[in-house]
file start.txt (compact mmCIF, C-alpha atoms and all ligand atoms)
# COMPACT_ATOMS: atom_id res chain seq x y z
CA MET A 1 0.00 0.00 0.00
CA SER A 2 1.41 3.36 -0.89
CA PHE A 3 0.36 6.98 -1.11
CA PRO A 4 -2.34 8.26 -0.80
CA VAL A 5 -3.40 5.42 1.53
CA THR A 6 -0.08 5.37 3.36
CA ARG A 7 0.88 8.72 4.85
CA PRO A 8 3.85 8.62 7.27
CA ARG A 9 3.05 12.19 8.28
CA ARG A 10 -0.10 10.89 10.05
CA LEU A 11 2.01 9.83 13.02
CA ARG A 12 3.92 13.12 13.18
CA GLN A 13 0.97 15.40 13.76
CA SER A 14 1.40 16.22 17.42
CA GLU A 15 4.00 16.05 20.14
CA LEU A 16 1.93 13.38 21.88
CA LEU A 17 1.72 11.19 18.77
CA ARG A 18 5.41 11.66 17.97
CA SER A 19 6.40 10.73 21.47
CA PHE A 20 4.01 7.75 21.37
CA VAL A 21 5.82 6.21 18.38
CA GLN A 22 9.35 7.25 19.38
CA GLU A 23 11.69 4.29 18.89
CA THR A 24 14.60 5.39 21.03
CA ARG A 25 14.41 7.10 24.37
CA LEU A 26 16.85 9.10 26.36
CA SER A 27 16.85 9.18 30.12
CA PRO A 28 19.20 10.61 32.76
CA SER A 29 19.68 6.97 33.80
CA ASN A 30 21.72 6.48 30.59
CA PHE A 31 24.35 9.04 31.57
CA ILE A 32 27.77 9.04 33.17
CA TYR A 33 29.00 12.53 34.05
CA PRO A 34 32.77 13.19 33.83
CA LEU A 35 34.38 15.17 36.66
CA PHE A 36 37.87 16.59 37.03
CA VAL A 37 39.40 16.66 40.48
CA CYS A 38 42.36 18.90 41.25
CA PRO A 39 44.63 19.78 44.19
CA GLY A 40 43.90 22.64 46.55
CA SER A 41 40.86 23.63 48.55
CA GLY A 42 37.77 25.64 47.73
CA VAL A 43 38.47 25.25 44.01
CA LYS A 44 35.68 25.28 41.44
CA ARG A 45 37.38 26.64 38.34
CA GLU A 46 35.76 26.64 34.92
CA ILE A 47 37.71 24.85 32.16
CA ALA A 48 38.26 27.38 29.39
CA SER A 49 37.92 24.92 26.51
CA MET A 50 34.85 23.22 28.02
CA PRO A 51 32.40 25.89 29.22
CA GLY A 52 30.17 24.75 32.08
CA ASN A 53 32.71 22.12 33.20
CA PHE A 54 34.98 22.69 36.16
CA HIS A 55 38.04 21.57 38.05
CA PHE A 56 36.92 20.73 41.58
CA SER A 57 39.09 20.33 44.62
CA VAL A 58 38.31 17.36 46.87
CA ASP A 59 36.37 19.53 49.34
CA ARG A 60 34.07 20.83 46.59
CA ILE A 61 33.41 17.60 44.70
CA GLY A 62 30.83 16.25 47.17
CA GLU A 63 28.39 19.12 46.62
CA GLU A 64 28.69 18.70 42.85
CA CYS A 65 27.94 14.99 43.19
CA ARG A 66 24.87 15.67 45.31
CA GLU A 67 23.58 17.83 42.45
CA VAL A 68 24.37 15.13 39.88
CA ALA A 69 22.54 12.47 41.91
CA ALA A 70 19.54 14.77 42.45
CA LEU A 71 19.20 15.05 38.66
CA GLY A 72 18.75 11.27 38.39
CA ILE A 73 22.18 10.66 36.85
CA PRO A 74 23.45 7.34 38.23
CA ALA A 75 27.19 7.65 37.74
CA VAL A 76 30.21 9.93 37.57
CA ILE A 77 33.61 9.16 36.07
CA LEU A 78 36.61 10.73 37.77
CA PHE A 79 39.75 12.15 36.20
CA GLY A 80 42.54 13.28 38.50
CA ILE A 81 44.94 16.15 38.04
CA PRO A 82 47.88 15.48 40.33
CA GLU A 83 50.00 17.98 42.27
CA LYS A 84 53.04 16.97 40.26
CA LYS A 85 53.83 14.65 37.41
CA ASP A 86 56.79 12.31 36.99
CA GLU A 87 58.20 9.80 34.52
CA THR A 88 56.25 6.83 35.87
CA GLY A 89 53.01 8.62 36.72
CA SER A 90 53.33 7.68 40.39
CA GLY A 91 50.51 10.07 41.33
CA ALA A 92 48.14 7.64 39.65
CA TYR A 93 48.79 4.73 42.01
CA ASP A 94 49.41 6.70 45.19
CA GLU A 95 46.88 5.31 47.69
CA ARG A 96 46.51 8.82 49.09
CA GLY A 97 46.43 10.38 45.61
CA ILE A 98 43.91 12.81 44.27
CA VAL A 99 41.36 10.28 42.97
CA PRO A 100 41.23 8.05 46.10
CA GLN A 101 40.68 11.24 48.13
CA ALA A 102 37.85 12.28 45.81
CA ILE A 103 36.25 8.83 45.99
CA ARG A 104 36.11 9.04 49.78
CA ALA A 105 34.72 12.58 49.68
CA ILE A 106 32.00 11.57 47.22
CA ARG A 107 31.00 8.55 49.31
CA GLU A 108 30.74 10.79 52.33
CA ALA A 109 28.52 13.21 50.41
CA VAL A 110 26.18 10.83 48.57
CA GLY A 111 26.73 7.37 50.05
CA LYS A 112 25.71 4.68 47.58
CA LYS A 113 23.44 7.00 45.57
CA LEU A 114 26.05 7.35 42.82
CA LEU A 115 28.19 4.81 41.04
CA ILE A 116 31.78 5.96 41.10
CA VAL A 117 33.64 5.09 37.92
CA CYS A 118 37.37 5.89 37.78
CA ASP A 119 39.33 6.39 34.59
CA VAL A 120 42.48 4.27 34.83
CA CYS A 121 45.38 5.72 32.86
CA LEU A 122 48.80 7.26 33.38
CA CYS A 123 48.66 10.18 30.93
CA GLU A 124 47.41 12.78 33.41
CA TYR A 125 50.21 11.74 35.79
CA THR A 126 53.26 11.33 33.55
CA SER A 127 55.62 14.21 32.82
CA HIS A 128 55.78 13.10 29.18
CA GLY A 129 51.98 12.85 28.87
CA HIS A 130 51.88 9.33 27.44
CA CYS A 131 49.51 6.66 28.73
CA GLY A 132 52.32 4.25 29.65
CA LEU A 133 55.98 3.96 30.56
CA ILE A 134 58.58 4.98 28.01
CA LYS A 135 61.03 2.23 27.12
CA GLY A 136 64.48 2.87 28.60
CA GLY A 137 63.33 5.91 30.60
CA VAL A 138 62.25 9.12 29.01
CA VAL A 139 64.09 9.51 25.78
CA LYS A 140 62.60 11.74 23.18
CA ASP A 141 60.45 9.75 20.77
CA GLY A 142 60.87 6.68 22.95
CA GLU A 143 58.41 3.84 22.58
CA VAL A 144 55.52 3.42 25.00
CA ASP A 145 56.24 0.06 26.60
CA ASN A 146 53.21 -2.19 26.83
CA ASP A 147 54.13 -4.96 29.24
CA SER A 148 55.87 -2.94 31.97
CA THR A 149 52.90 -0.54 31.99
CA LEU A 150 50.43 -3.31 32.84
CA LYS A 151 51.69 -3.69 36.42
CA LEU A 152 51.25 0.01 37.05
CA LEU A 153 47.76 0.12 35.57
CA ALA A 154 46.80 -2.79 37.80
CA ARG A 155 48.14 -0.88 40.82
CA VAL A 156 46.11 2.18 39.82
CA ALA A 157 42.94 0.09 39.53
CA VAL A 158 43.54 -1.61 42.89
CA SER A 159 44.11 1.71 44.65
CA TYR A 160 40.84 3.13 43.26
CA ALA A 161 38.91 -0.03 44.08
CA ARG A 162 40.29 -0.04 47.64
CA ALA A 163 39.17 3.56 48.06
CA GLY A 164 35.66 2.48 47.07
CA ALA A 165 35.29 2.84 43.30
CA ASP A 166 32.44 0.71 41.92
CA ILE A 167 33.87 0.51 38.41
CA VAL A 168 37.38 0.99 37.01
CA ALA A 169 37.70 2.10 33.40
CA PRO A 170 41.08 1.57 31.72
CA SER A 171 41.54 4.11 28.90
CA ASP A 172 45.22 3.54 28.13
CA MET A 173 44.85 1.04 25.23
CA MET A 174 47.74 -1.19 26.31
CA ASP A 175 47.27 -4.81 25.19
CA GLY A 176 46.34 -7.18 28.00
CA ARG A 177 45.43 -4.53 30.53
CA VAL A 178 41.95 -5.82 31.24
CA ALA A 179 43.30 -9.25 32.20
CA ALA A 180 46.07 -7.67 34.30
CA ILE A 181 43.58 -5.47 36.13
CA ARG A 182 41.04 -8.29 36.68
CA GLN A 183 43.78 -10.54 38.07
CA ALA A 184 45.10 -7.85 40.41
CA LEU A 185 41.63 -6.95 41.68
CA ASP A 186 40.76 -10.59 42.31
CA ASP A 187 44.07 -11.20 44.09
CA GLU A 188 43.21 -8.33 46.44
CA SER A 189 39.70 -9.71 47.14
CA LEU A 190 38.17 -6.94 45.06
CA SER A 191 36.23 -9.28 42.80
CA ASN A 192 33.11 -7.10 43.06
CA THR A 193 34.78 -4.16 41.35
CA ALA A 194 33.58 -4.05 37.73
CA ILE A 195 35.64 -3.18 34.66
CA LEU A 196 34.38 -0.82 31.97
CA ALA A 197 36.98 -1.14 29.22
CA TYR A 198 37.67 1.66 26.78
CA SER A 199 37.91 -1.10 24.16
CA ALA A 200 37.64 0.73 20.86
CA LYS A 201 39.38 4.00 21.61
CA TYR A 202 40.49 5.84 18.52
CA ALA A 203 43.47 8.18 18.09
CA SER A 204 41.17 11.16 17.74
CA ALA A 205 41.51 14.90 17.24
CA PHE A 206 38.34 15.27 19.30
CA TYR A 207 40.21 14.83 22.61
CA GLY A 208 41.74 18.30 22.23
CA PRO A 209 39.76 20.18 24.89
CA PHE A 210 40.22 17.33 27.41
CA ARG A 211 44.00 17.36 27.05
CA ASP A 212 43.82 21.03 27.83
CA ALA A 213 41.60 20.35 30.84
CA ALA A 214 43.74 17.48 32.14
CA ASP A 215 47.03 18.97 30.99
CA SER A 216 47.75 15.59 29.43
CA ALA A 217 48.87 16.35 25.87
CA PRO A 218 51.85 14.13 24.98
CA GLN A 219 55.12 16.08 25.15
CA PHE A 220 56.47 14.28 22.10
CA GLY A 221 54.88 12.22 19.37
CA ASP A 222 51.24 11.21 19.51
CA ARG A 223 49.12 8.28 20.68
CA ARG A 224 48.79 6.51 17.35
CA SER A 225 51.03 3.60 18.38
CA TYR A 226 48.44 2.54 20.96
CA GLN A 227 45.10 4.17 20.16
CA MET A 228 43.18 2.93 17.12
CA ASP A 229 43.29 4.13 13.53
CA PRO A 230 40.03 5.99 12.75
CA ALA A 231 39.84 4.08 9.46
CA ASN A 232 39.24 0.73 11.13
CA GLN A 233 35.90 -0.82 12.03
CA ARG A 234 36.65 -4.57 12.06
CA GLU A 235 39.61 -3.98 14.35
CA ALA A 236 37.24 -2.38 16.87
CA LEU A 237 35.26 -5.61 17.02
CA ARG A 238 38.47 -7.56 17.65
CA GLU A 239 39.47 -5.18 20.43
CA ILE A 240 36.06 -5.53 22.06
CA ALA A 241 36.11 -9.33 21.78
CA LEU A 242 39.57 -9.45 23.39
CA ASP A 243 38.49 -7.22 26.28
CA ILE A 244 35.40 -9.33 26.94
CA GLU A 245 37.57 -12.46 26.89
CA GLU A 246 39.95 -10.83 29.36
CA GLY A 247 37.11 -10.10 31.76
CA ALA A 248 35.59 -6.72 30.87
CA ASP A 249 32.08 -6.34 32.28
CA MET A 250 31.21 -3.45 29.99
CA VAL A 251 32.89 -2.15 26.85
CA MET A 252 33.15 1.28 25.27
CA VAL A 253 33.46 2.96 21.91
CA LYS A 254 35.13 6.37 21.94
CA PRO A 255 34.55 8.99 20.53
CA ALA A 256 30.83 8.53 19.88
CA LEU A 257 29.24 10.56 17.09
CA PRO A 258 32.01 10.09 14.49
CA TYR A 259 31.92 6.32 15.22
CA LEU A 260 28.19 5.48 15.19
CA ASP A 261 28.86 2.63 12.75
CA VAL A 262 31.22 1.06 15.28
CA ILE A 263 28.65 1.42 18.07
CA CYS A 264 26.01 -0.15 15.83
CA ARG A 265 28.19 -3.14 14.91
CA ALA A 266 29.31 -3.62 18.51
CA ARG A 267 25.67 -3.66 19.66
CA GLN A 268 24.86 -6.33 17.08
CA GLU A 269 27.84 -8.57 17.82
CA PHE A 270 28.11 -8.48 21.62
CA ASN A 271 25.68 -8.89 24.45
CA CYS A 272 27.46 -7.06 27.24
CA PRO A 273 26.53 -3.49 28.20
CA LEU A 274 27.89 -0.98 25.72
CA ALA A 275 29.00 2.53 26.54
CA ALA A 276 29.91 5.36 24.19
CA TYR A 277 31.93 8.45 25.11
CA GLN A 278 30.76 11.75 23.67
CA VAL A 279 34.19 13.29 24.11
CA SER A 280 35.33 16.80 24.91
CA GLY A 281 35.68 17.88 21.27
CA GLU A 282 32.19 16.68 20.43
CA PHE A 283 30.88 18.70 23.37
CA SER A 284 32.93 21.82 22.77
CA MET A 285 32.14 21.99 19.05
CA ILE A 286 28.42 22.20 19.82
CA VAL A 287 28.93 24.75 22.59
CA ALA A 288 31.25 26.88 20.45
CA ALA A 289 28.95 26.88 17.44
CA ALA A 290 26.03 27.80 19.68
CA LYS A 291 28.01 30.68 21.18
CA LEU A 292 28.51 32.02 17.66
CA GLY A 293 24.79 31.73 17.08
CA TRP A 294 25.26 29.14 14.38
CA ILE A 295 23.49 26.24 16.05
CA ASP A 296 20.80 25.68 18.68
CA GLN A 297 22.73 24.18 21.59
CA GLU A 298 19.85 22.33 23.26
CA ARG A 299 18.61 20.78 20.06
CA ALA A 300 22.07 19.79 18.85
CA MET A 301 22.81 18.29 22.29
CA MET A 302 19.62 16.21 22.35
CA GLU A 303 19.97 15.14 18.73
CA SER A 304 23.55 13.96 19.23
CA LEU A 305 22.65 12.06 22.41
CA ILE A 306 19.63 10.31 20.89
CA ALA A 307 21.74 9.41 17.83
CA ILE A 308 24.29 7.70 20.06
CA ARG A 309 21.50 5.78 21.79
CA ARG A 310 19.87 4.91 18.45
CA ALA A 311 23.16 3.46 17.22
CA GLY A 312 23.01 1.10 20.20
CA ALA A 313 24.81 2.53 23.21
CA ASP A 314 23.24 1.66 26.56
CA VAL A 315 25.24 4.26 28.42
CA ILE A 316 26.66 7.62 27.32
CA LEU A 317 29.56 9.38 28.98
CA THR A 318 28.81 13.02 28.31
CA TYR A 319 29.68 16.51 29.51
CA PHE A 320 26.06 17.37 28.67
CA ALA A 321 24.70 14.94 31.29
CA LYS A 322 23.46 17.62 33.70
CA ASP A 323 22.00 19.90 31.00
CA ALA A 324 20.27 17.02 29.25
CA ALA A 325 18.92 15.62 32.53
CA ARG A 326 17.46 19.02 33.37
CA LEU A 327 15.79 19.22 30.00
CA LEU A 328 14.45 15.67 30.24
CA ALA A 329 12.89 16.50 33.62
CA CYS A 330 10.66 19.24 32.12
C1 LIG B 1 43.01 9.31 29.14
C2 LIG B 1 41.75 9.79 28.56
C3 LIG B 1 41.54 10.73 27.54
C4 LIG B 1 40.16 10.91 27.45
C5 LIG B 1 39.58 10.06 28.37
N1 LIG B 1 40.58 9.37 29.03
C6 LIG B 1 42.50 11.51 26.74
C7 LIG B 1 43.32 10.90 25.70
O1 LIG B 1 43.33 9.72 25.43
O2 LIG B 1 44.06 11.70 25.16
C8 LIG B 1 39.46 11.86 26.52
C9 LIG B 1 38.14 12.32 26.96
C10 LIG B 1 37.60 13.48 26.24
O3 LIG B 1 38.16 13.99 25.25
O4 LIG B 1 36.53 13.94 26.67
N2 LIG B 1 43.74 8.43 28.36
call {"tool": "encode", "arguments": {"input": "start.txt", "output": "structure tokens", "more": "lines below"}}
Ligand code: PBG
result
Amino acid sequence: MSFPVTRPRRLRQSELLRSFVQETRLSPSNFIYPLFVCPGSGVKREIASMPGNFHFSVDRIGEECREVAALGIPAVILFGIPEKKDETGSGAYDERGIVPQAIRAIREAVGKKLLIVCDVCLCEYTSHGHCGLIKGGVVKDGEVDNDSTLKLLARVAVSYARAGADIVAPSDMMDGRVAAIRQALDDESLSNTAILAYSAKYASAFYGPFRDAADSAPQFGDRRSYQMDPANQREALREIALDIEEGADMVMVKPALPYLDVICRARQEFNCPLAAYQVSGEFSMIVAAAKLGWIDQERAMMESLIAIRRAGADVILTYFAKDAARLLAC
């Protein structure tokens, strides 16, 4: 049956009808809100490249988390900015480091009302800005050494889990890190701590604003010897399969909007929960264009989030989480 009997516009006549036949829905319960924790006290400092996002000191992060929980957002992911950086990123696995302190402060503020996810990586903590150790110490253009980095990543994960993290999320892209982290957690009787693996993480230009925010831009070279080539889709499926085999409880595709095909394939091929990270550049592009009056920020935000859900992501890590949750509550 075709026109004039069939008229797709019939179901688009009113907001009520449109909402009635909506295939994909967005809810604050789909979101993870990223937070940056920094040294000092009384700090709530806006990040220039990411308007509306802040660096919080440990004493200010609890109040922010109460607000996040009140909006119906179930989880935050923490990124730490250490006092000082060194060659081995020791600030990352310091049991009294910035992230363990933040975890305790958040628990005190909101109890079990929020899931605390912690990004596990060395790049915010290393003087050279790479996600792992440099072979033979820091020599310019040295190679990021996979196997010696695994032990450190496992230590980072254990220190976050001990401090009370619900989920650890390795974002370094070293081979074998999920297995190393699972083993270390289980050895420390932390078998209830879940792993959200950044499985298909691409070497992307869209991380620009984050590297500014976390002061984690590599001091030499780039991350293309460990993060994925944007040209590759099948390889993403291999990465995801390996991480699941190694013990990942949830997997992630990152960035999100430029990689909707990868999200879609991953949803079809795997049954475990799938996350997608709408990264800093995706966020800041929308905000910047809106500031210039070239785009409607709210509509572009909601359209990008629903697109990521439509492609198949269960969970979205997004800097828009609070804004979108507020809008969804109306
Ligand atoms: C750490 C890490 C990065 C992001 C999340 N974890 C930066 C990077 O790989 O350079 C990017 C997040 C964003 O851009 O919002 N490895």
call {"tool": "closest_residue", "arguments": {"input": "start.txt", "among": "A:Thr193, A:Ser304, A:Ser159, A:Gln268", "to": "Asp94 in chain A", "atoms": "all atoms listed in the file"}}
result
A:Ser159
call {"tool": "residues_around", "arguments": {"input": "start.txt", "residues": "Ser127 in chain A", "least_positions_apart": "2", "cutoff": "12 Å", "atoms": "all atoms listed in the file", "output": "JSON, numbers by chain"}}
result
{"A": [82, 83, 84, 85, 86, 87, 88, 89, 90, 91, 122, 123, 124, 125, 129, 130, 131, 132, 133, 134, 137, 138, 139, 215, 216, 217, 218, 219, 220]}
call {"tool": "closest_residue", "arguments": {"input": "start.txt", "among": "A:Ala205, A:Leu242, A:Leu26, A:Leu17", "to": "Met301 in chain A", "atoms": "all atoms listed in the file"}}
result
A:Leu26
call {"tool": "residues_around", "arguments": {"input": "start.txt", "residues": "Ala70 in chain A", "least_positions_apart": "3", "cutoff": "12 Å", "atoms": "all atoms listed in the file", "output": "list in words"}}
result
Pro28, Ser29, Glu63, Glu64, Cys65, Arg66, Glu67, Ile73, Pro74, Ala75, Val110, Lys113, Leu114, Lys322, Ala325, Arg326 and Ala329 of chain A
call {"tool": "residues_near_ligand", "arguments": {"input": "start.txt", "ligand": "ligand LIG 1 (chain B)", "cutoff": "7 Å", "atoms": "only C-alpha atoms and all ligand atoms", "output": "ChimeraX atom specification"}}
result
/A:119,121,123,131,171-172,206-211,216-217,278-281
call {"tool": "write_last_selection", "arguments": {"input": "start.txt", "atoms": "C-alpha atoms", "output": "short mmCIF file (atom, residue, chain, number, x, y, z; two decimals), in the coordinates of the input"}}
result
data_model
loop_
_atom_site.label_atom_id
_atom_site.label_comp_id
_atom_site.auth_asym_id
_atom_site.auth_seq_id
_atom_site.Cartn_x
_atom_site.Cartn_y
_atom_site.Cartn_z
CA ASP A 119 39.33 6.39 34.59
CA CYS A 121 45.38 5.72 32.86
CA CYS A 123 48.66 10.18 30.93
CA CYS A 131 49.51 6.66 28.73
CA SER A 171 41.54 4.11 28.90
CA ASP A 172 45.22 3.54 28.13
CA PHE A 206 38.34 15.27 19.30
CA TYR A 207 40.21 14.83 22.61
CA GLY A 208 41.74 18.30 22.23
CA PRO A 209 39.76 20.18 24.89
CA PHE A 210 40.22 17.33 27.41
CA ARG A 211 44.00 17.36 27.05
CA SER A 216 47.75 15.59 29.43
CA ALA A 217 48.87 16.35 25.87
CA GLN A 278 30.76 11.75 23.67
CA VAL A 279 34.19 13.29 24.11
CA SER A 280 35.33 16.80 24.91
CA GLY A 281 35.68 17.88 21.27
#
call {"tool": "closest_residue", "arguments": {"input": "start.txt", "among": "A:Gly62, A:Gly247, A:Gly293, A:Gly40", "to": "Arg104 in chain A", "atoms": "only C-alpha atoms"}}
result
A:Gly62
call {"tool": "residues_near_point", "arguments": {"input": "start.txt", "point": "(19.7, 14.6, 26.8)", "cutoff": "6 Å", "atoms": "all atoms listed in the file", "output": "JSON, numbers by chain"}}
result
{"A": [302, 305, 324, 325]}
call {"tool": "residues_near_point", "arguments": {"input": "start.txt", "point": "(20.5, 5.7, 22.5)", "cutoff": "10 Å", "atoms": "only C-alpha atoms", "output": "list of chain:residue names"}}
result
A:Glu23, A:Thr24, A:Arg25, A:Leu26, A:Ser27, A:Asn30, A:Ala275, A:Ala276, A:Ser304, A:Leu305, A:Ile306, A:Ala307, A:Ile308, A:Arg309, A:Arg310, A:Ala311, A:Gly312, A:Ala313, A:Asp314, A:Val315, A:Ile316
call {"tool": "closest_residue", "arguments": {"input": "start.txt", "among": "A:Tyr160, A:Phe320, A:Tyr277, A:Tyr33", "to": "Ser199 in chain A", "atoms": "only C-alpha atoms"}}
result
A:Tyr277
call {"tool": "atom_distance", "arguments": {"input": "start.txt", "atom1": "CA of Ile116 in chain A", "atom2": "CA of Ser191 in chain A"}}
result
16.0 Å
call {"tool": "axis_aligned_box", "arguments": {"input": "start.txt", "around": "range 228-242 of chain A", "padding_each_side": "4 Å", "output": "lines of an AutoDock Vina configuration file"}}
result
center_x = 39.3
center_y = -1.7
center_z = 16.4
size_x = 16.0
size_y = 23.4
size_z = 21.9
